[in-house]
$ cat input.tsv   # TSV, C-alpha atoms
chain	number	residue	atom	x	y	z
A	184	MET	CA	0.00	0.00	0.00
A	185	ALA	CA	1.33	3.44	-0.92
A	186	ARG	CA	0.96	6.27	1.52
A	187	ARG	CA	1.32	9.91	0.71
A	188	THR	CA	3.49	11.56	3.33
A	189	GLY	CA	5.06	14.88	4.06
A	190	LYS	CA	1.93	16.74	5.16
A	191	GLY	CA	2.69	17.79	8.70
A	192	GLY	CA	3.60	15.32	11.41
A	193	SER	CA	7.11	14.37	12.42
A	194	THR	CA	8.43	13.11	9.12
A	195	SER	CA	11.56	14.24	7.32
A	196	ALA	CA	9.98	13.45	3.96
A	197	PRO	CA	9.35	16.43	1.70
A	198	PRO	CA	5.76	17.48	0.96
A	199	GLY	CA	4.18	15.37	-1.76
A	200	SER	CA	6.33	12.31	-1.14
A	201	PHE	CA	5.13	8.72	-1.32
A	202	ARG	CA	6.11	5.73	0.81
A	203	PHE	CA	5.48	2.18	-0.38
A	204	GLN	CA	6.71	-1.40	-0.20
A	205	ALA	CA	8.12	-3.02	-3.34
A	206	THR	CA	10.06	-6.10	-4.34
A	207	ILE	CA	13.34	-5.58	-6.18
A	208	GLY	CA	13.35	-7.35	-9.53
A	209	ARG	CA	15.52	-7.27	-12.61
A	210	THR	CA	14.84	-5.96	-16.08
A	211	TRP	CA	17.72	-7.28	-18.14
A	212	LEU	CA	20.77	-6.28	-16.10
A	213	ILE	CA	19.09	-3.42	-14.25
A	214	TYR	CA	17.58	-3.81	-10.79
A	215	THR	CA	14.11	-2.27	-10.77
A	216	VAL	CA	10.89	-1.91	-8.80
A	217	ASP	CA	7.40	-1.41	-10.15
A	218	VAL	CA	5.82	1.75	-8.77
A	219	PRO	CA	2.29	1.21	-7.39
A	220	GLU	CA	-0.48	2.40	-9.72
A	221	ARG	CA	-1.76	4.98	-7.23
A	222	VAL	CA	1.67	6.60	-6.92
A	223	SER	CA	2.23	6.44	-10.66
A	224	ALA	CA	-1.13	8.07	-11.41
A	225	SER	CA	-0.41	10.86	-8.90
A	226	LEU	CA	2.94	11.66	-10.55
A	227	GLY	CA	1.57	11.76	-14.11
A	228	SER	CA	2.44	9.99	-17.34
A	229	GLY	CA	5.66	9.74	-19.30
A	230	LYS	CA	9.14	9.96	-17.81
A	231	VAL	CA	9.10	11.48	-14.33
A	232	PRO	CA	12.26	12.76	-12.58
A	233	VAL	CA	12.21	11.73	-8.91
A	234	VAL	CA	14.38	11.47	-5.82
A	235	PHE	CA	14.13	8.25	-3.80
A	236	THR	CA	15.44	6.41	-0.78
A	237	ILE	CA	15.36	2.72	0.09
A	238	GLY	CA	14.95	2.35	3.83
A	239	LYS	CA	17.66	4.52	5.37
A	240	SER	CA	19.75	4.96	2.19
A	241	THR	CA	20.87	8.39	1.12
A	242	PRO	CA	18.57	10.15	-1.37
A	243	ARG	CA	19.33	9.40	-5.02
A	244	LYS	CA	17.94	10.89	-8.24
A	245	THR	CA	16.48	8.79	-11.04
A	246	THR	CA	13.77	8.93	-13.68
A	247	LEU	CA	10.64	6.80	-13.56
A	248	THR	CA	10.01	5.23	-16.96
A	249	PRO	CA	6.65	4.21	-18.39
A	250	ARG	CA	5.91	0.51	-18.04
A	251	ALA	CA	4.14	-1.59	-20.66
A	252	GLY	CA	0.52	-1.94	-19.58
A	253	GLY	CA	0.58	1.32	-17.62
A	254	GLY	CA	2.30	2.71	-14.58
A	255	HIS	CA	6.00	3.28	-14.05
A	256	ARG	CA	9.15	1.33	-13.31
A	257	MET	CA	12.09	2.70	-11.33
A	258	ALA	CA	15.75	1.71	-11.62
A	259	VAL	CA	17.26	0.98	-8.20
A	260	HIS	CA	20.87	2.19	-8.14
A	261	GLY	CA	23.60	-0.13	-6.89
A	262	GLU	CA	24.83	2.30	-4.25
A	263	SER	CA	21.34	2.53	-2.72
A	264	ARG	CA	21.02	-1.28	-2.70
A	265	ARG	CA	24.46	-1.68	-1.10
A	266	GLN	CA	23.65	0.84	1.64
A	267	VAL	CA	20.73	-1.32	2.84
A	268	ALA	CA	22.13	-4.73	1.76
A	269	ALA	CA	19.17	-5.35	-0.57
A	270	GLY	CA	19.17	-7.50	-3.69
A	271	GLU	CA	16.89	-9.16	-6.19
A	272	GLY	CA	13.76	-10.57	-4.56
A	273	ASP	CA	14.06	-8.45	-1.40
A	274	ARG	CA	11.03	-6.48	-0.22
A	275	VAL	CA	12.03	-2.89	0.61
A	276	THR	CA	10.43	0.36	1.74
A	277	ILE	CA	10.78	3.13	-0.80
A	278	MET	CA	10.19	6.82	-0.29
A	279	LEU	CA	10.05	8.95	-3.43
A	280	TRP	CA	9.13	12.45	-4.46
A	281	ARG	CA	9.18	14.48	-7.66
A	282	ASP	CA	12.58	16.03	-8.35
A	283	GLY	CA	12.20	19.80	-8.28
A	284	ASP	CA	15.65	20.52	-9.71
A	285	PRO	CA	15.89	21.45	-13.38
A	286	PRO	CA	16.48	18.40	-15.59
A	287	GLY	CA	19.89	17.60	-16.96
A	288	THR	CA	23.42	18.01	-15.74
A	289	PRO	CA	25.75	20.48	-17.38
A	290	PRO	CA	28.81	18.70	-18.73
A	291	PRO	CA	32.22	19.82	-17.46
A	292	PRO	CA	34.02	22.15	-19.92
A	293	ASP	CA	36.36	19.50	-21.37
A	294	LEU	CA	33.47	17.10	-22.04
A	295	ALA	CA	31.33	19.92	-23.50
A	296	ASP	CA	34.20	20.97	-25.79
A	297	ALA	CA	34.72	17.40	-27.06
A	298	LEU	CA	30.99	16.90	-27.67
A	299	ARG	CA	30.71	20.30	-29.42
A	300	GLU	CA	33.75	19.56	-31.60
A	301	MET	CA	32.08	16.36	-32.88
A	302	GLY	CA	28.70	18.07	-33.28
A	303	VAL	CA	26.90	16.00	-30.63
A	304	LEU	CA	26.53	18.37	-27.66
A	305	ASP	CA	22.81	18.69	-28.46
A	306	VAL	CA	22.52	14.89	-28.49
A	307	PHE	CA	24.03	14.78	-25.00
A	308	ARG	CA	21.57	17.44	-23.82
A	309	THR	CA	18.61	15.39	-25.06
A	310	MET	CA	19.71	12.25	-23.18
A	311	GLY	CA	17.68	11.61	-20.05
A	312	PRO	CA	18.67	13.45	-16.87
A	313	ALA	CA	19.79	10.23	-15.18
A	314	ALA	CA	22.01	9.31	-18.15
A	315	GLN	CA	23.57	12.79	-18.13
A	316	ARG	CA	24.26	12.59	-14.39
A	317	GLU	CA	25.85	9.15	-14.69
A	318	LEU	CA	28.02	10.15	-17.66
A	319	VAL	CA	29.22	13.34	-15.98
A	320	ALA	CA	29.97	11.41	-12.77
A	321	TYR	CA	31.88	8.85	-14.87
A	322	VAL	CA	34.17	11.62	-16.15
A	323	GLU	CA	34.44	13.43	-12.80
A	324	ASN	CA	35.45	10.23	-10.97
A	325	ALA	CA	38.49	9.61	-13.19
A	326	LYS	CA	41.63	9.66	-11.06
A	327	ARG	CA	44.17	10.46	-13.80
A	328	GLU	CA	43.97	12.94	-16.67
A	329	GLU	CA	44.69	10.18	-19.19
A	330	THR	CA	41.74	8.17	-17.84
A	331	ARG	CA	39.52	11.25	-17.97
A	332	ARG	CA	40.37	11.79	-21.67
A	333	LYS	CA	39.59	8.12	-22.36
A	334	TYR	CA	36.21	8.41	-20.60
A	335	ILE	CA	35.39	11.58	-22.55
A	336	ALA	CA	36.21	9.77	-25.82
A	337	ARG	CA	33.83	6.94	-24.83
A	338	ILE	CA	31.02	9.39	-24.09
A	339	VAL	CA	31.57	11.14	-27.43
A	340	GLU	CA	31.38	7.71	-29.15
A	341	ARG	CA	28.14	6.98	-27.31
A	342	ALA	CA	26.66	10.33	-28.37
A	343	LEU	CA	27.72	9.72	-31.99
A	344	ALA	CA	26.07	6.28	-31.90
A	345	GLU	CA	22.89	7.81	-30.45
A	346	ARG	CA	22.84	10.41	-33.23
A	347	GLU	CA	23.20	7.63	-35.84
A	348	LYS	CA	20.32	5.69	-34.24
A	349	ARG	CA	18.12	8.78	-34.44
A	350	ILE	CA	19.03	9.33	-38.10
A	351	ASP	CA	18.26	5.66	-38.84
A	352	ARG	CA	14.86	5.99	-37.14
A	353	GLU	CA	14.07	9.06	-39.23
A	354	ASP	CA	15.13	7.25	-42.41
A	355	PHE	CA	13.06	4.19	-41.46
A	356	GLY	CA	10.01	6.42	-41.00
A	357	THR	CA	10.43	7.69	-44.57
A	358	TYR	CA	10.89	4.18	-45.98
A	359	ALA	CA	7.97	2.79	-43.98
A	360	GLY	CA	5.54	4.96	-45.91
A	361	ARG	CA	5.73	8.00	-43.68
A	362	THR	CA	6.69	11.34	-45.05
A	363	SER	CA	9.05	13.91	-43.66
A	364	THR	CA	7.82	17.00	-41.89
A	365	ASP	CA	8.28	19.13	-45.02
A	366	GLY	CA	5.78	16.94	-46.92
A	367	THR	CA	8.28	15.21	-49.25
$ encode --input "input.tsv" --output "structure tokens"
Amino acid sequence: MARRTGKGGSTSAPPGSFRFQATIGRTWLIYTVDVPERVSASLGSGKVPVVFTIGKSTPRKTTLTPRAGGGHRMAVHGESRRQVAAGEGDRVTIMLWRDGDPPGTPPPPDLADALREMGVLDVFRTMGPAAQRELVAYVENAKREETRRKYIARIVERALAEREKRIDREDFGTYAGRTSTDGT
């Protein structure tokens, strides 16, 4: 059962937060939980940026993603799972609330320069907020300058691949009997 919290009382949860029990599962390689329908409906449709805790873990940002058949699914970060020693199949208490911070994470100057040079800075900016945060953290956590440059090169490659996928999707739409936006 999901409970809305944060309205008075002696809770440290922000206003508009939700508390519920969920079982950690896996979707491919990613640990996930299904968000209860009532919580999902209250937060709205589409991708929803949220902050969550598992039990007494530190707050962590993520994005709820739409689930086939309705509702949302939430990725459960490894650090949060480790903090409470939770794994696949464990039932946990989750507290979540809508993330009020602006979406996205500005890339550090060296990453921004490399992305701009290859013409994919806009692609990076259209990646989901969680992906941007993780990629920026990946670069920022490099211990040596050489490692940092290597990580930046990998992110540029990923952005180039994403741009190619988008171009392929646009081309497929034309070949599948759809027309472009200019009517050709």
$ closest_residue --input "input.tsv" --among "A:Ile213, A:Val218, A:Val303, A:Ala320" --to "A:Ala344" --atoms "all atoms listed in the file"
A:Val303
$ closest_residue --input "input.tsv" --among "A:Val267, A:Leu247, A:Val234, A:Ile335" --to "A:Pro197" --atoms "all atoms listed in the file"
A:Val234
$ residues_near_point --input "input.tsv" --point "(6.8, 3.1, -17.3)" --cutoff "9 Å" --atoms "all atoms listed in the file" --output "JSON, numbers by chain"
{"A": [217, 218, 223, 228, 229, 230, 247, 248, 249, 250, 251, 252, 253, 254, 255, 256, 257]}
$ closest_residue --input "input.tsv" --among "A:Ile237, A:Ala205, A:Ala314, A:Val306" --to "A:Met278" --atoms "only C-alpha atoms"
A:Ile237
$ atom_distance --input "input.tsv" --atom1 "atom CA of A:Leu212" --atom2 "atom CA of A:Val322"
22.4 Å
$ atom_distance --input "input.tsv" --atom1 "atom CA of A:Gly272" --atom2 "atom CA of A:Lys239"
18.5 Å
$ closest_residue --input "input.tsv" --among "A:Glu262, A:Pro292, A:Tyr214, A:Gly311" --to "A:Thr245" --atoms "only C-alpha atoms"
A:Gly311
$ atom_distance --input "input.tsv" --atom1 "atom CA of A:Ala196" --atom2 "atom CA of A:Lys244"
14.8 Å
$ closest_residue --input "input.tsv" --among "A:Arg264, A:Arg281, A:Arg337, A:Arg274" --to "A:Pro198" --atoms "only C-alpha atoms"
A:Arg281
$ closest_residue --input "input.tsv" --among "A:Asp354, A:Phe201, A:Val275, A:Pro242" --to "A:Ser225" --atoms "all atoms listed in the file"
A:Phe201
$ residues_around --input "input.tsv" --residues "A:Glu340" --least-positions-apart "2" --cutoff "12 Å" --atoms "all atoms listed in the file" --output "VMD selection string"
chain A and resid 294 297 to 298 301 to 304 306 to 307 333 to 338 342 to 347
$ decode --input "input.tsv" --residues "stretch 191-217 of chain A" --atoms "N, CA and C atoms" --output "PDB file, in the first residue's frame"
ATOM      1  N   GLY A 191       2.689  17.644   7.243  1.00  0.00           N
ATOM      2  CA  GLY A 191       2.686  17.793   8.698  1.00  0.00           C
ATOM      3  C   GLY A 191       3.279  16.569   9.372  1.00  0.00           C
ATOM      4  N   GLY A 192       3.084  16.467  10.683  1.00  0.00           N
ATOM      5  CA  GLY A 192       3.602  15.316  11.411  1.00  0.00           C
ATOM      6  C   GLY A 192       5.103  15.407  11.587  1.00  0.00           C
ATOM      7  N   SER A 193       5.674  14.347  12.117  1.00  0.00           N
ATOM      8  CA  SER A 193       7.107  14.365  12.416  1.00  0.00           C
ATOM      9  C   SER A 193       7.888  13.548  11.406  1.00  0.00           C
ATOM     10  N   THR A 194       7.709  13.840  10.153  1.00  0.00           N
ATOM     11  CA  THR A 194       8.426  13.113   9.117  1.00  0.00           C
ATOM     12  C   THR A 194       9.453  14.016   8.467  1.00  0.00           C
ATOM     13  N   SER A 195      10.554  13.440   8.017  1.00  0.00           N
ATOM     14  CA  SER A 195      11.561  14.238   7.324  1.00  0.00           C
ATOM     15  C   SER A 195      11.335  14.215   5.819  1.00  0.00           C
ATOM     16  N   ALA A 196      10.282  13.535   5.388  1.00  0.00           N
ATOM     17  CA  ALA A 196       9.978  13.451   3.960  1.00  0.00           C
ATOM     18  C   ALA A 196       9.453  14.787   3.453  1.00  0.00           C
ATOM     19  N   PRO A 197       9.847  15.166   2.245  1.00  0.00           N
ATOM     20  CA  PRO A 197       9.347  16.426   1.697  1.00  0.00           C
ATOM     21  C   PRO A 197       7.850  16.343   1.389  1.00  0.00           C
ATOM     22  N   PRO A 198       7.183  17.487   1.325  1.00  0.00           N
ATOM     23  CA  PRO A 198       5.764  17.482   0.955  1.00  0.00           C
ATOM     24  C   PRO A 198       5.566  16.798  -0.398  1.00  0.00           C
ATOM     25  N   GLY A 199       4.492  16.044  -0.505  1.00  0.00           N
ATOM     26  CA  GLY A 199       4.177  15.375  -1.764  1.00  0.00           C
ATOM     27  C   GLY A 199       4.951  14.088  -1.992  1.00  0.00           C
ATOM     28  N   SER A 200       5.575  13.551  -0.957  1.00  0.00           N
ATOM     29  CA  SER A 200       6.331  12.310  -1.140  1.00  0.00           C
ATOM     30  C   SER A 200       5.423  11.101  -0.930  1.00  0.00           C
ATOM     31  N   PHE A 201       5.878   9.963  -1.418  1.00  0.00           N
ATOM     32  CA  PHE A 201       5.132   8.717  -1.321  1.00  0.00           C
ATOM     33  C   PHE A 201       6.018   7.652  -0.683  1.00  0.00           C
ATOM     34  N   ARG A 202       5.413   6.833   0.155  1.00  0.00           N
ATOM     35  CA  ARG A 202       6.110   5.730   0.813  1.00  0.00           C
ATOM     36  C   ARG A 202       5.366   4.457   0.443  1.00  0.00           C
ATOM     37  N   PHE A 203       6.115   3.446  -0.023  1.00  0.00           N
ATOM     38  CA  PHE A 203       5.477   2.179  -0.379  1.00  0.00           C
ATOM     39  C   PHE A 203       6.465   1.025  -0.266  1.00  0.00           C
ATOM     40  N   GLN A 204       5.923  -0.172  -0.223  1.00  0.00           N
ATOM     41  CA  GLN A 204       6.714  -1.398  -0.200  1.00  0.00           C
ATOM     42  C   GLN A 204       6.794  -1.932  -1.624  1.00  0.00           C
ATOM     43  N   ALA A 205       7.951  -2.448  -2.003  1.00  0.00           N
ATOM     44  CA  ALA A 205       8.124  -3.019  -3.342  1.00  0.00           C
ATOM     45  C   ALA A 205       9.172  -4.125  -3.278  1.00  0.00           C
ATOM     46  N   THR A 206       9.090  -5.025  -4.237  1.00  0.00           N
ATOM     47  CA  THR A 206      10.060  -6.104  -4.344  1.00  0.00           C
ATOM     48  C   THR A 206      11.032  -5.772  -5.461  1.00  0.00           C
ATOM     49  N   ILE A 207      12.324  -5.876  -5.169  1.00  0.00           N
ATOM     50  CA  ILE A 207      13.344  -5.580  -6.176  1.00  0.00           C
ATOM     51  C   ILE A 207      13.382  -6.729  -7.181  1.00  0.00           C
ATOM     52  N   GLY A 208      13.263  -6.376  -8.447  1.00  0.00           N
ATOM     53  CA  GLY A 208      13.351  -7.350  -9.535  1.00  0.00           C
ATOM     54  C   GLY A 208      14.465  -6.944 -10.481  1.00  0.00           C
ATOM     55  N   ARG A 209      14.514  -7.629 -11.604  1.00  0.00           N
ATOM     56  CA  ARG A 209      15.517  -7.271 -12.614  1.00  0.00           C
ATOM     57  C   ARG A 209      14.845  -7.168 -13.968  1.00  0.00           C
ATOM     58  N   THR A 210      15.236  -6.142 -14.692  1.00  0.00           N
ATOM     59  CA  THR A 210      14.844  -5.957 -16.079  1.00  0.00           C
ATOM     60  C   THR A 210      16.161  -5.954 -16.847  1.00  0.00           C
ATOM     61  N   TRP A 211      16.421  -7.034 -17.521  1.00  0.00           N
ATOM     62  CA  TRP A 211      17.717  -7.283 -18.140  1.00  0.00           C
ATOM     63  C   TRP A 211      18.772  -7.278 -17.057  1.00  0.00           C
ATOM     64  N   LEU A 212      19.712  -6.345 -17.104  1.00  0.00           N
ATOM     65  CA  LEU A 212      20.766  -6.280 -16.101  1.00  0.00           C
ATOM     66  C   LEU A 212      20.482  -5.263 -15.009  1.00  0.00           C
ATOM     67  N   ILE A 213      19.383  -4.530 -15.151  1.00  0.00           N
ATOM     68  CA  ILE A 213      19.091  -3.418 -14.255  1.00  0.00           C
ATOM     69  C   ILE A 213      18.129  -3.868 -13.154  1.00  0.00           C
ATOM     70  N   TYR A 214      18.479  -3.536 -11.919  1.00  0.00           N
ATOM     71  CA  TYR A 214      17.583  -3.807 -10.794  1.00  0.00           C
ATOM     72  C   TYR A 214      16.486  -2.751 -10.806  1.00  0.00           C
ATOM     73  N   THR A 215      15.239  -3.194 -10.673  1.00  0.00           N
ATOM     74  CA  THR A 215      14.106  -2.275 -10.774  1.00  0.00           C
ATOM     75  C   THR A 215      13.033  -2.612  -9.742  1.00  0.00           C
ATOM     76  N   VAL A 216      12.132  -1.660  -9.536  1.00  0.00           N
ATOM     77  CA  VAL A 216      10.895  -1.908  -8.801  1.00  0.00           C
ATOM     78  C   VAL A 216       9.755  -1.320  -9.623  1.00  0.00           C
ATOM     79  N   ASP A 217       8.597  -1.953  -9.527  1.00  0.00           N
ATOM     80  CA  ASP A 217       7.401  -1.411 -10.149  1.00  0.00           C
ATOM     81  C   ASP A 217       6.740  -0.466  -9.152  1.00  0.00           C
TER      82      ASP A 217
END
